>>> print(open('coords32.cif').read())   # mmCIF, C-alpha atoms
data_target
#
loop_
_atom_site.group_PDB
_atom_site.id
_atom_site.type_symbol
_atom_site.label_atom_id
_atom_site.label_comp_id
_atom_site.auth_asym_id
_atom_site.auth_seq_id
_atom_site.Cartn_x
_atom_site.Cartn_y
_atom_site.Cartn_z
ATOM 1 C CA MET A 1 -6.400 -29.941 -70.106
ATOM 2 C CA THR A 2 -3.551 -31.685 -71.852
ATOM 3 C CA THR A 3 -3.046 -35.446 -71.917
ATOM 4 C CA GLN A 4 0.252 -34.955 -70.102
ATOM 5 C CA THR A 5 -1.465 -33.052 -67.257
ATOM 6 C CA LEU A 6 -4.215 -35.655 -66.994
ATOM 7 C CA ASN A 7 -1.724 -38.508 -66.862
ATOM 8 C CA ALA A 8 0.230 -36.738 -64.143
ATOM 9 C CA GLN A 9 -2.885 -36.252 -62.062
ATOM 10 C CA THR A 10 -4.082 -39.859 -62.443
ATOM 11 C CA ALA A 11 -0.694 -41.379 -61.570
ATOM 12 C CA PRO A 12 -0.509 -43.614 -58.458
ATOM 13 C CA THR A 13 -0.145 -41.680 -55.204
ATOM 14 C CA ALA A 14 0.598 -42.490 -51.577
ATOM 15 C CA ILE A 15 -2.026 -40.038 -50.337
ATOM 16 C CA ASP A 16 -5.393 -41.586 -49.550
ATOM 17 C CA VAL A 17 -7.516 -38.444 -49.202
ATOM 18 C CA SER A 18 -7.211 -34.868 -50.431
ATOM 19 C CA VAL A 19 -9.567 -32.304 -48.908
ATOM 20 C CA VAL A 20 -9.962 -29.295 -51.206
ATOM 21 C CA LEU A 21 -10.948 -26.023 -49.512
ATOM 22 C CA PRO A 22 -11.746 -23.090 -51.838
ATOM 23 C CA THR A 23 -11.475 -19.841 -49.886
ATOM 24 C CA TYR A 24 -12.260 -16.169 -50.216
ATOM 25 C CA ASN A 25 -12.178 -13.946 -47.117
ATOM 26 C CA GLU A 26 -12.234 -16.819 -44.622
ATOM 27 C CA ARG A 27 -9.358 -15.857 -42.321
ATOM 28 C CA ASP A 28 -11.523 -16.327 -39.208
ATOM 29 C CA ASN A 29 -12.705 -19.811 -40.224
ATOM 30 C CA ILE A 30 -9.992 -21.522 -42.213
ATOM 31 C CA CYS A 31 -7.543 -22.618 -39.504
ATOM 32 C CA ASP A 32 -10.351 -23.812 -37.223
ATOM 33 C CA LEU A 33 -11.693 -25.863 -40.113
ATOM 34 C CA ILE A 34 -8.313 -27.394 -40.957
ATOM 35 C CA ASP A 35 -7.841 -28.332 -37.302
ATOM 36 C CA ALA A 36 -11.345 -29.868 -37.252
ATOM 37 C CA ILE A 37 -10.529 -31.917 -40.369
ATOM 38 C CA ARG A 38 -7.401 -33.110 -38.598
ATOM 39 C CA ARG A 39 -9.410 -34.288 -35.587
ATOM 40 C CA GLU A 40 -11.742 -36.281 -37.844
ATOM 41 C CA LEU A 41 -9.253 -37.806 -40.282
ATOM 42 C CA THR A 42 -6.195 -38.555 -38.146
ATOM 43 C CA PRO A 43 -7.880 -41.393 -36.167
ATOM 44 C CA THR A 44 -8.859 -43.138 -39.420
ATOM 45 C CA GLY A 45 -5.251 -43.876 -40.341
ATOM 46 C CA TYR A 46 -5.667 -42.357 -43.802
ATOM 47 C CA ALA A 47 -2.709 -40.537 -45.297
ATOM 48 C CA TYR A 48 -4.262 -37.201 -46.187
ATOM 49 C CA GLU A 49 -3.573 -33.662 -47.286
ATOM 50 C CA VAL A 50 -5.513 -30.410 -46.980
ATOM 51 C CA LEU A 51 -5.335 -28.161 -50.019
ATOM 52 C CA VAL A 52 -6.367 -24.525 -49.521
ATOM 53 C CA VAL A 53 -7.142 -22.792 -52.815
ATOM 54 C CA ASP A 54 -7.437 -19.084 -52.082
ATOM 55 C CA ASP A 55 -8.617 -16.458 -54.559
ATOM 56 C CA ASN A 56 -6.119 -13.898 -53.237
ATOM 57 C CA SER A 57 -8.449 -12.895 -50.404
ATOM 58 C CA PRO A 58 -8.033 -9.257 -49.362
ATOM 59 C CA ASP A 59 -8.664 -10.178 -45.701
ATOM 60 C CA GLY A 60 -5.366 -12.110 -45.543
ATOM 61 C CA THR A 61 -6.745 -15.658 -45.528
ATOM 62 C CA ALA A 62 -3.649 -16.995 -47.286
ATOM 63 C CA GLU A 63 -1.297 -15.244 -44.856
ATOM 64 C CA VAL A 64 -3.101 -16.732 -41.853
ATOM 65 C CA VAL A 65 -2.680 -20.222 -43.352
ATOM 66 C CA ARG A 66 0.928 -19.490 -44.282
ATOM 67 C CA GLN A 67 1.856 -18.516 -40.746
ATOM 68 C CA ARG A 68 -0.190 -21.123 -38.883
ATOM 69 C CA TYR A 69 1.139 -24.072 -40.892
ATOM 70 C CA ASN A 70 4.613 -22.795 -41.793
ATOM 71 C CA ILE A 71 3.924 -22.831 -45.514
ATOM 72 C CA ASP A 72 7.184 -22.677 -47.497
ATOM 73 C CA ALA A 73 7.990 -21.024 -50.824
ATOM 74 C CA HIS A 74 6.560 -24.055 -52.649
ATOM 75 C CA GLY A 75 3.196 -23.706 -50.913
ATOM 76 C CA ILE A 76 3.718 -26.720 -48.640
ATOM 77 C CA GLY A 77 3.432 -26.861 -44.867
ATOM 78 C CA ARG A 78 2.685 -29.274 -42.056
ATOM 79 C CA LEU A 79 0.129 -29.609 -39.316
ATOM 80 C CA PRO A 80 1.733 -28.623 -36.002
ATOM 81 C CA GLY A 81 2.901 -31.726 -34.167
ATOM 82 C CA ASP A 82 2.387 -34.009 -37.157
ATOM 83 C CA ASP A 83 5.090 -33.899 -39.818
ATOM 84 C CA CYS A 84 3.312 -36.538 -41.926
ATOM 85 C CA ILE A 85 0.208 -34.489 -42.748
ATOM 86 C CA THR A 86 0.545 -31.872 -45.455
ATOM 87 C CA VAL A 87 -1.219 -28.533 -45.743
ATOM 88 C CA ARG A 88 -0.835 -27.023 -49.205
ATOM 89 C CA LEU A 89 -1.657 -23.455 -50.168
ATOM 90 C CA VAL A 90 -2.408 -22.199 -53.669
ATOM 91 C CA VAL A 91 -3.101 -18.500 -54.174
ATOM 92 C CA ARG A 92 -4.941 -17.710 -57.401
ATOM 93 C CA THR A 93 -4.687 -14.213 -58.866
ATOM 94 C CA GLN A 94 -6.362 -14.838 -62.231
ATOM 95 C CA ASP A 95 -9.531 -16.510 -63.509
ATOM 96 C CA LYS A 96 -11.084 -16.147 -60.076
ATOM 97 C CA GLY A 97 -14.348 -17.732 -58.973
ATOM 98 C CA LEU A 98 -15.572 -20.643 -56.871
ATOM 99 C CA ALA A 99 -15.933 -23.194 -59.666
ATOM 100 C CA ASN A 100 -12.515 -22.344 -61.106
ATOM 101 C CA SER A 101 -10.927 -22.631 -57.656
ATOM 102 C CA ILE A 102 -12.479 -26.050 -57.149
ATOM 103 C CA ARG A 103 -11.376 -27.196 -60.595
ATOM 104 C CA ASP A 104 -7.788 -26.124 -59.925
ATOM 105 C CA GLY A 105 -7.838 -27.723 -56.494
ATOM 106 C CA LEU A 106 -9.075 -31.042 -57.870
ATOM 107 C CA ILE A 107 -6.402 -30.985 -60.565
ATOM 108 C CA LEU A 108 -3.628 -30.222 -58.074
ATOM 109 C CA ALA A 109 -4.825 -32.627 -55.382
ATOM 110 C CA GLN A 110 -2.765 -35.795 -55.027
ATOM 111 C CA GLY A 111 -5.121 -38.133 -53.167
ATOM 112 C CA ARG A 112 -6.792 -41.298 -54.404
ATOM 113 C CA THR A 113 -10.024 -39.885 -52.988
ATOM 114 C CA LEU A 114 -11.006 -36.240 -53.375
ATOM 115 C CA VAL A 115 -13.276 -34.303 -51.010
ATOM 116 C CA VAL A 116 -14.599 -30.784 -51.640
ATOM 117 C CA MET A 117 -16.271 -28.723 -48.935
ATOM 118 C CA ASP A 118 -17.157 -25.134 -48.019
ATOM 119 C CA THR A 119 -14.978 -23.276 -45.545
ATOM 120 C CA ASP A 120 -17.676 -21.536 -43.473
ATOM 121 C CA PHE A 121 -18.608 -24.648 -41.407
ATOM 122 C CA ASN A 122 -21.806 -25.217 -43.370
ATOM 123 C CA HIS A 123 -20.256 -28.586 -44.189
ATOM 124 C CA ASP A 124 -19.537 -30.686 -41.118
ATOM 125 C CA PRO A 125 -16.003 -32.185 -41.281
ATOM 126 C CA ALA A 126 -17.186 -35.045 -39.064
ATOM 127 C CA MET A 127 -18.857 -36.529 -42.165
ATOM 128 C CA ILE A 128 -15.620 -36.854 -44.154
ATOM 129 C CA PRO A 129 -14.539 -40.323 -42.906
ATOM 130 C CA GLN A 130 -17.990 -41.789 -43.588
ATOM 131 C CA MET A 131 -18.196 -40.214 -47.041
ATOM 132 C CA VAL A 132 -14.744 -41.511 -47.967
ATOM 133 C CA ASP A 133 -15.482 -44.998 -46.653
ATOM 134 C CA LEU A 134 -18.740 -45.221 -48.621
ATOM 135 C CA LEU A 135 -16.824 -44.778 -51.870
ATOM 136 C CA ARG A 136 -16.045 -48.485 -51.592
ATOM 137 C CA TYR A 137 -19.628 -49.002 -52.772
ATOM 138 C CA TYR A 138 -20.526 -45.790 -54.612
ATOM 139 C CA ASP A 139 -19.021 -43.586 -57.297
ATOM 140 C CA LEU A 140 -20.025 -40.284 -55.736
ATOM 141 C CA VAL A 141 -21.126 -39.418 -52.195
ATOM 142 C CA ILE A 142 -22.949 -36.133 -51.545
ATOM 143 C CA GLY A 143 -23.629 -34.356 -48.274
ATOM 144 C CA SER A 144 -27.362 -33.649 -48.559
ATOM 145 C CA ARG A 145 -29.708 -31.381 -46.620
ATOM 146 C CA PHE A 146 -32.806 -33.070 -48.023
ATOM 147 C CA VAL A 147 -32.514 -36.661 -46.864
ATOM 148 C CA MET A 148 -33.553 -37.969 -43.435
ATOM 149 C CA ARG A 149 -31.699 -36.138 -40.614
ATOM 150 C CA GLY A 150 -30.365 -33.514 -42.997
ATOM 151 C CA GLY A 151 -31.389 -29.876 -42.771
ATOM 152 C CA MET A 152 -30.443 -26.243 -42.216
ATOM 153 C CA GLU A 153 -30.521 -23.903 -39.257
ATOM 154 C CA ASP A 154 -31.851 -21.183 -41.586
ATOM 155 C CA ARG A 155 -35.366 -22.568 -42.071
ATOM 156 C CA LEU A 156 -36.496 -20.059 -44.705
ATOM 157 C CA ARG A 157 -33.498 -20.787 -46.881
ATOM 158 C CA TYR A 158 -33.979 -24.511 -46.286
ATOM 159 C CA HIS A 159 -37.525 -24.503 -47.642
ATOM 160 C CA PHE A 160 -36.646 -22.306 -50.606
ATOM 161 C CA SER A 161 -33.667 -24.518 -51.494
ATOM 162 C CA GLN A 162 -35.856 -27.593 -51.161
ATOM 163 C CA LEU A 163 -38.367 -26.172 -53.646
ATOM 164 C CA TYR A 164 -35.605 -25.185 -56.015
ATOM 165 C CA ASN A 165 -34.286 -28.749 -55.960
ATOM 166 C CA VAL A 166 -37.754 -30.015 -56.873
ATOM 167 C CA PHE A 167 -37.592 -27.695 -59.891
ATOM 168 C CA ILE A 168 -34.157 -29.078 -60.898
ATOM 169 C CA ARG A 169 -35.274 -32.707 -60.524
ATOM 170 C CA ALA A 170 -38.378 -32.085 -62.619
ATOM 171 C CA LEU A 171 -36.385 -30.282 -65.305
ATOM 172 C CA PHE A 172 -33.720 -32.973 -65.697
ATOM 173 C CA GLN A 173 -35.661 -36.048 -64.549
ATOM 174 C CA THR A 174 -33.158 -37.056 -61.883
ATOM 175 C CA GLN A 175 -33.627 -38.303 -58.315
ATOM 176 C CA ILE A 176 -30.827 -36.322 -56.646
ATOM 177 C CA GLN A 177 -32.278 -34.504 -53.640
ATOM 178 C CA ASP A 178 -29.600 -31.843 -53.103
ATOM 179 C CA ASN A 179 -28.191 -30.503 -56.355
ATOM 180 C CA LEU A 180 -26.774 -27.400 -54.664
ATOM 181 C CA SER A 181 -24.797 -28.936 -51.801
ATOM 182 C CA GLY A 182 -21.213 -28.680 -53.067
ATOM 183 C CA TYR A 183 -20.051 -31.124 -50.360
ATOM 184 C CA PHE A 184 -18.905 -34.329 -52.016
ATOM 185 C CA ALA A 185 -16.384 -37.149 -52.124
ATOM 186 C CA ILE A 186 -15.309 -38.892 -55.304
ATOM 187 C CA ARG A 187 -12.686 -41.383 -56.371
ATOM 188 C CA ARG A 188 -9.939 -39.868 -58.443
ATOM 189 C CA GLU A 189 -10.387 -42.138 -61.437
ATOM 190 C CA ARG A 190 -14.119 -41.444 -61.523
ATOM 191 C CA LEU A 191 -13.608 -37.697 -61.561
ATOM 192 C CA TYR A 192 -11.046 -37.896 -64.332
ATOM 193 C CA SER A 193 -13.343 -39.973 -66.500
ATOM 194 C CA LEU A 194 -15.154 -36.626 -66.886
ATOM 195 C CA ALA A 195 -11.983 -34.711 -67.809
ATOM 196 C CA PRO A 196 -13.169 -33.856 -71.363
ATOM 197 C CA LEU A 197 -16.176 -32.124 -69.768
ATOM 198 C CA PHE A 198 -14.240 -30.070 -67.209
ATOM 199 C CA PRO A 199 -14.542 -26.828 -69.238
ATOM 200 C CA ALA A 200 -18.309 -27.399 -69.555
ATOM 201 C CA ILE A 201 -18.723 -28.143 -65.830
ATOM 202 C CA PHE A 202 -16.335 -25.962 -63.856
ATOM 203 C CA TYR A 203 -17.310 -22.359 -64.392
ATOM 204 C CA GLY A 204 -19.529 -19.876 -62.604
ATOM 205 C CA TYR A 205 -20.293 -20.264 -58.920
ATOM 206 C CA GLY A 206 -22.056 -23.147 -57.138
ATOM 207 C CA ASP A 207 -23.986 -23.959 -60.310
ATOM 208 C CA TYR A 208 -20.982 -26.082 -61.347
ATOM 209 C CA PHE A 209 -22.323 -28.722 -58.945
ATOM 210 C CA ILE A 210 -25.607 -29.024 -60.834
ATOM 211 C CA ARG A 211 -23.656 -29.738 -64.021
ATOM 212 C CA LEU A 212 -21.319 -32.203 -62.291
ATOM 213 C CA LEU A 213 -24.228 -34.172 -60.850
ATOM 214 C CA LEU A 214 -26.093 -34.218 -64.151
ATOM 215 C CA ALA A 215 -23.017 -35.588 -65.934
ATOM 216 C CA ALA A 216 -22.657 -38.286 -63.264
ATOM 217 C CA TRP A 217 -26.367 -39.176 -63.314
ATOM 218 C CA ARG A 218 -26.517 -39.532 -67.085
ATOM 219 C CA ARG A 219 -23.537 -41.887 -66.992
ATOM 220 C CA GLY A 220 -25.291 -44.186 -64.569
ATOM 221 C CA TRP A 221 -22.986 -43.596 -61.631
ATOM 222 C CA LYS A 222 -23.948 -44.973 -58.240
ATOM 223 C CA ILE A 223 -24.669 -41.822 -56.220
ATOM 224 C CA LEU A 224 -25.398 -41.749 -52.491
ATOM 225 C CA GLU A 225 -26.651 -38.814 -50.424
ATOM 226 C CA VAL A 226 -25.761 -38.748 -46.719
ATOM 227 C CA PRO A 227 -27.388 -36.320 -44.274
ATOM 228 C CA VAL A 228 -25.703 -33.047 -43.376
ATOM 229 C CA PHE A 229 -27.083 -30.194 -41.287
ATOM 230 C CA TYR A 230 -26.031 -26.659 -42.182
ATOM 231 C CA ILE A 231 -25.384 -24.419 -39.203
ATOM 232 C CA LEU A 232 -25.227 -20.640 -39.492
ATOM 233 C CA ARG A 233 -21.896 -19.135 -40.524
ATOM 234 C CA ARG A 234 -19.508 -18.845 -37.564
ATOM 235 C CA HIS A 235 -17.535 -15.804 -38.693
ATOM 236 C CA GLY A 236 -17.672 -13.254 -41.493
ATOM 237 C CA ASP A 237 -20.373 -12.519 -44.006
ATOM 238 C CA SER A 238 -21.686 -14.528 -46.906
ATOM 239 C CA LYS A 239 -20.031 -13.607 -50.202
ATOM 240 C CA THR A 240 -23.241 -13.966 -52.147
ATOM 241 C CA GLY A 241 -26.656 -12.340 -52.031
ATOM 242 C CA PHE A 242 -29.634 -14.683 -51.985
ATOM 243 C CA TRP A 243 -31.442 -13.179 -54.975
ATOM 244 C CA SER A 244 -28.339 -12.726 -57.109
ATOM 245 C CA ILE A 245 -27.489 -16.394 -56.615
ATOM 246 C CA PHE A 246 -31.078 -17.395 -57.381
ATOM 247 C CA GLN A 247 -30.912 -15.502 -60.668
ATOM 248 C CA GLN A 248 -27.487 -16.877 -61.559
ATOM 249 C CA TYR A 249 -28.498 -20.454 -60.837
ATOM 250 C CA THR A 250 -31.731 -20.121 -62.780
ATOM 251 C CA VAL A 251 -29.906 -18.819 -65.853
ATOM 252 C CA ALA A 252 -27.391 -21.677 -65.532
ATOM 253 C CA VAL A 253 -30.113 -24.313 -65.149
ATOM 254 C CA LEU A 254 -32.122 -23.078 -68.130
ATOM 255 C CA ARG A 255 -28.987 -22.862 -70.245
ATOM 256 C CA LEU A 256 -28.113 -26.418 -69.257
ATOM 257 C CA ARG A 257 -31.618 -27.607 -70.138
ATOM 258 C CA ILE A 258 -31.523 -25.940 -73.565
ATOM 259 C CA HIS A 259 -27.915 -26.478 -74.608
ATOM 260 C CA GLY A 260 -26.770 -29.413 -72.465
ATOM 261 C CA LEU A 261 -23.165 -29.816 -71.300
ATOM 262 C CA GLN A 262 -21.298 -27.852 -73.946
#
>>> encode(input="coords32.cif", output="structure tokens")
Amino acid sequence: MTTQTLNAQTAPTAIDVSVVLPTYNERDNICDLIDAIRRELTPTGYAYEVLVVDDNSPDGTAEVVRQRYNIDAHGIGRLPGDDCITVRLVVRTQDKGLANSIRDGLILAQGRTLVVMDTDFNHDPAMIPQMVDLLRYYDLVIGSRFVMRGGMEDRLRYHFSQLYNVFIRALFQTQIQDNLSGYFAIRRERLYSLAPLFPAIFYGYGDYFIRLLLAAWRRGWKILEVPVFYILRRHGDSKTGFWSIFQQYTVAVLRLRIHGLQ
């Protein structure tokens, strides 16, 4: 990332909150999620935007967003009935992957506060206002399955993920309960203090989040975990197999333990 790009992204902005939604084959979920975000954020009075970062989904996710929100040639649209709230669409055709999509979304987002969440309704949009508000006191707020009142509808996956997080905490000597969540809110200036590490953090799949949290922990950031409860996917199929993700994450964790953030 160039200094010019970084300066542009850290410039003052009138947008309070940017919600970054990385998508791949989510045509049946994405508009419902955007509308749910609207219901949660509009009463707060925040000026906000929703940024959909789509990896050129073959199911037509981008086209559904384009039509529903009247996205123009510049990738900008509006929520129906509210000309003040922006929906932005970015379609990526190269360097695909979840971590790369999130990185690009965070770079392009214009808000003072940045929120990243899944688009399959695992992450409850009702938590966004609370997570954003808590950034008055914390550097990073995580939606966590493994604090009181958090959890998952899929109990087998819950217990396996819980054990895997014990392994991560023991390996890196941290106290973060959910290193695999991927649901977080962060102040813009805090995120960009890590800009030199972006190439070492944002690659692969959800394992980017382990690296992001480790970088934050080792810098002494104030990190808060708030409870979230994962429901089963509403529509479509998961893009990842359980065992393939387990193997990928384990390789990433061991590499991180041996080589650090390089």
>>> residues_around(input="coords32.cif", residues="Leu41 (chain A)", least_positions_apart="5", cutoff="9 Å", atoms="all atoms listed in the file", output="PDB file with C-alpha atoms, keeping the file's coordinate frame")
ATOM      1  CA  ALA A  36     -11.345 -29.868 -37.252  1.00  0.00           C
ATOM      2  CA  TYR A  46      -5.667 -42.357 -43.802  1.00  0.00           C
ATOM      3  CA  ALA A  47      -2.709 -40.537 -45.297  1.00  0.00           C
ATOM      4  CA  TYR A  48      -4.262 -37.201 -46.187  1.00  0.00           C
ATOM      5  CA  PRO A 125     -16.003 -32.185 -41.281  1.00  0.00           C
ATOM      6  CA  ALA A 126     -17.186 -35.045 -39.064  1.00  0.00           C
ATOM      7  CA  ILE A 128     -15.620 -36.854 -44.154  1.00  0.00           C
ATOM      8  CA  PRO A 129     -14.539 -40.323 -42.906  1.00  0.00           C
TER       9      PRO A 129
END
>>> residues_around(input="coords32.cif", residues="Val147 (chain A)", least_positions_apart="5", cutoff="10 Å", atoms="all atoms listed in the file", output="PDB file with C-alpha atoms, in the coordinates of the input")
ATOM      1  CA  ILE A 176     -30.827 -36.322 -56.646  1.00  0.00           C
ATOM      2  CA  GLN A 177     -32.278 -34.504 -53.640  1.00  0.00           C
ATOM      3  CA  ASP A 178     -29.600 -31.843 -53.103  1.00  0.00           C
ATOM      4  CA  GLU A 225     -26.651 -38.814 -50.424  1.00  0.00           C
ATOM      5  CA  VAL A 226     -25.761 -38.748 -46.719  1.00  0.00           C
ATOM      6  CA  PRO A 227     -27.388 -36.320 -44.274  1.00  0.00           C
ATOM      7  CA  VAL A 228     -25.703 -33.047 -43.376  1.00  0.00           C
TER       8      VAL A 228
END
>>> atom_distance(input="coords32.cif", atom1="CA of Glu26 (chain A)", atom2="CA of Leu98 (chain A)")
13.3 Å
>>> closest_residue(input="coords32.cif", among="A:Gly81, A:Asp72, A:Val115, A:Leu106", to="Ala195 (chain A)", atoms="all atoms listed in the file")
A:Leu106
>>> resolve_selection(input="coords32.cif", expression="the PyMOL selection byres ((chain A and resi 249) around 12)", output="MDAnalysis selection string")
chainID A and resid 161 164:165 167:168 179:180 203:211 242:248 250:256
>>> write_last_selection(input="coords32.cif", atoms="C-alpha atoms", output="PDB file, in the coordinates of the input")
ATOM      1  CA  SER A 161     -33.667 -24.518 -51.494  1.00  0.00           C
ATOM      2  CA  TYR A 164     -35.605 -25.185 -56.015  1.00  0.00           C
ATOM      3  CA  ASN A 165     -34.286 -28.749 -55.960  1.00  0.00           C
ATOM      4  CA  PHE A 167     -37.592 -27.695 -59.891  1.00  0.00           C
ATOM      5  CA  ILE A 168     -34.157 -29.078 -60.898  1.00  0.00           C
ATOM      6  CA  ASN A 179     -28.191 -30.503 -56.355  1.00  0.00           C
ATOM      7  CA  LEU A 180     -26.774 -27.400 -54.664  1.00  0.00           C
ATOM      8  CA  TYR A 203     -17.310 -22.359 -64.392  1.00  0.00           C
ATOM      9  CA  GLY A 204     -19.529 -19.876 -62.604  1.00  0.00           C
ATOM     10  CA  TYR A 205     -20.293 -20.264 -58.920  1.00  0.00           C
ATOM     11  CA  GLY A 206     -22.056 -23.147 -57.138  1.00  0.00           C
ATOM     12  CA  ASP A 207     -23.986 -23.959 -60.310  1.00  0.00           C
ATOM     13  CA  TYR A 208     -20.982 -26.082 -61.347  1.00  0.00           C
ATOM     14  CA  PHE A 209     -22.323 -28.722 -58.945  1.00  0.00           C
ATOM     15  CA  ILE A 210     -25.607 -29.024 -60.834  1.00  0.00           C
ATOM     16  CA  ARG A 211     -23.656 -29.738 -64.021  1.00  0.00           C
ATOM     17  CA  PHE A 242     -29.634 -14.683 -51.985  1.00  0.00           C
ATOM     18  CA  TRP A 243     -31.442 -13.179 -54.975  1.00  0.00           C
ATOM     19  CA  SER A 244     -28.339 -12.726 -57.109  1.00  0.00           C
ATOM     20  CA  ILE A 245     -27.489 -16.394 -56.615  1.00  0.00           C
ATOM     21  CA  PHE A 246     -31.078 -17.395 -57.381  1.00  0.00           C
ATOM     22  CA  GLN A 247     -30.912 -15.502 -60.668  1.00  0.00           C
ATOM     23  CA  GLN A 248     -27.487 -16.877 -61.559  1.00  0.00           C
ATOM     24  CA  THR A 250     -31.731 -20.121 -62.780  1.00  0.00           C
ATOM     25  CA  VAL A 251     -29.906 -18.819 -65.853  1.00  0.00           C
ATOM     26  CA  ALA A 252     -27.391 -21.677 -65.532  1.00  0.00           C
ATOM     27  CA  VAL A 253     -30.113 -24.313 -65.149  1.00  0.00           C
ATOM     28  CA  LEU A 254     -32.122 -23.078 -68.130  1.00  0.00           C
ATOM     29  CA  ARG A 255     -28.987 -22.862 -70.245  1.00  0.00           C
ATOM     30  CA  LEU A 256     -28.113 -26.418 -69.257  1.00  0.00           C
TER      31      LEU A 256
END
>>> residues_around(input="coords32.cif", residues="Ile34 (chain A)", least_positions_apart="6", cutoff="12 Å", atoms="all atoms listed in the file", output="count of residues only")
33
>>> closest_residue(input="coords32.cif", among="A:His259, A:Arg219, A:Arg187, A:Arg66", to="Asp139 (chain A)", atoms="only C-alpha atoms")
A:Arg187
>>> closest_residue(input="coords32.cif", among="A:Asn56, A:Gln175, A:Asn70, A:Ser181", to="Gln94 (chain A)", atoms="only C-alpha atoms")
A:Asn56
>>> atom_distance(input="coords32.cif", atom1="CA of Gly150 (chain A)", atom2="CA of Phe229 (chain A)")
5.0 Å
>>> residues_around(input="coords32.cif", residues="Lys96 (chain A)", least_positions_apart="3", cutoff="10 Å", atoms="all atoms listed in the file", output="list in words")
Tyr24, Asp54, Asp55, Asn56, Arg92, Thr93, Ala99, Asn100, Ser101, Tyr203 and Gly204 of chain A
>>> atom_distance(input="coords32.cif", atom1="CA of Cys84 (chain A)", atom2="CA of Ile15 (chain A)")
10.6 Å
>>> closest_residue(input="coords32.cif", among="A:Leu171, A:Val53, A:Ile71, A:Ala216", to="Ile142 (chain A)", atoms="only C-alpha atoms")
A:Ala216
>>> closest_residue(input="coords32.cif", among="A:Leu135, A:Gly97, A:Ile201, A:Ile107", to="Ile223 (chain A)", atoms="all atoms listed in the file")
A:Leu135
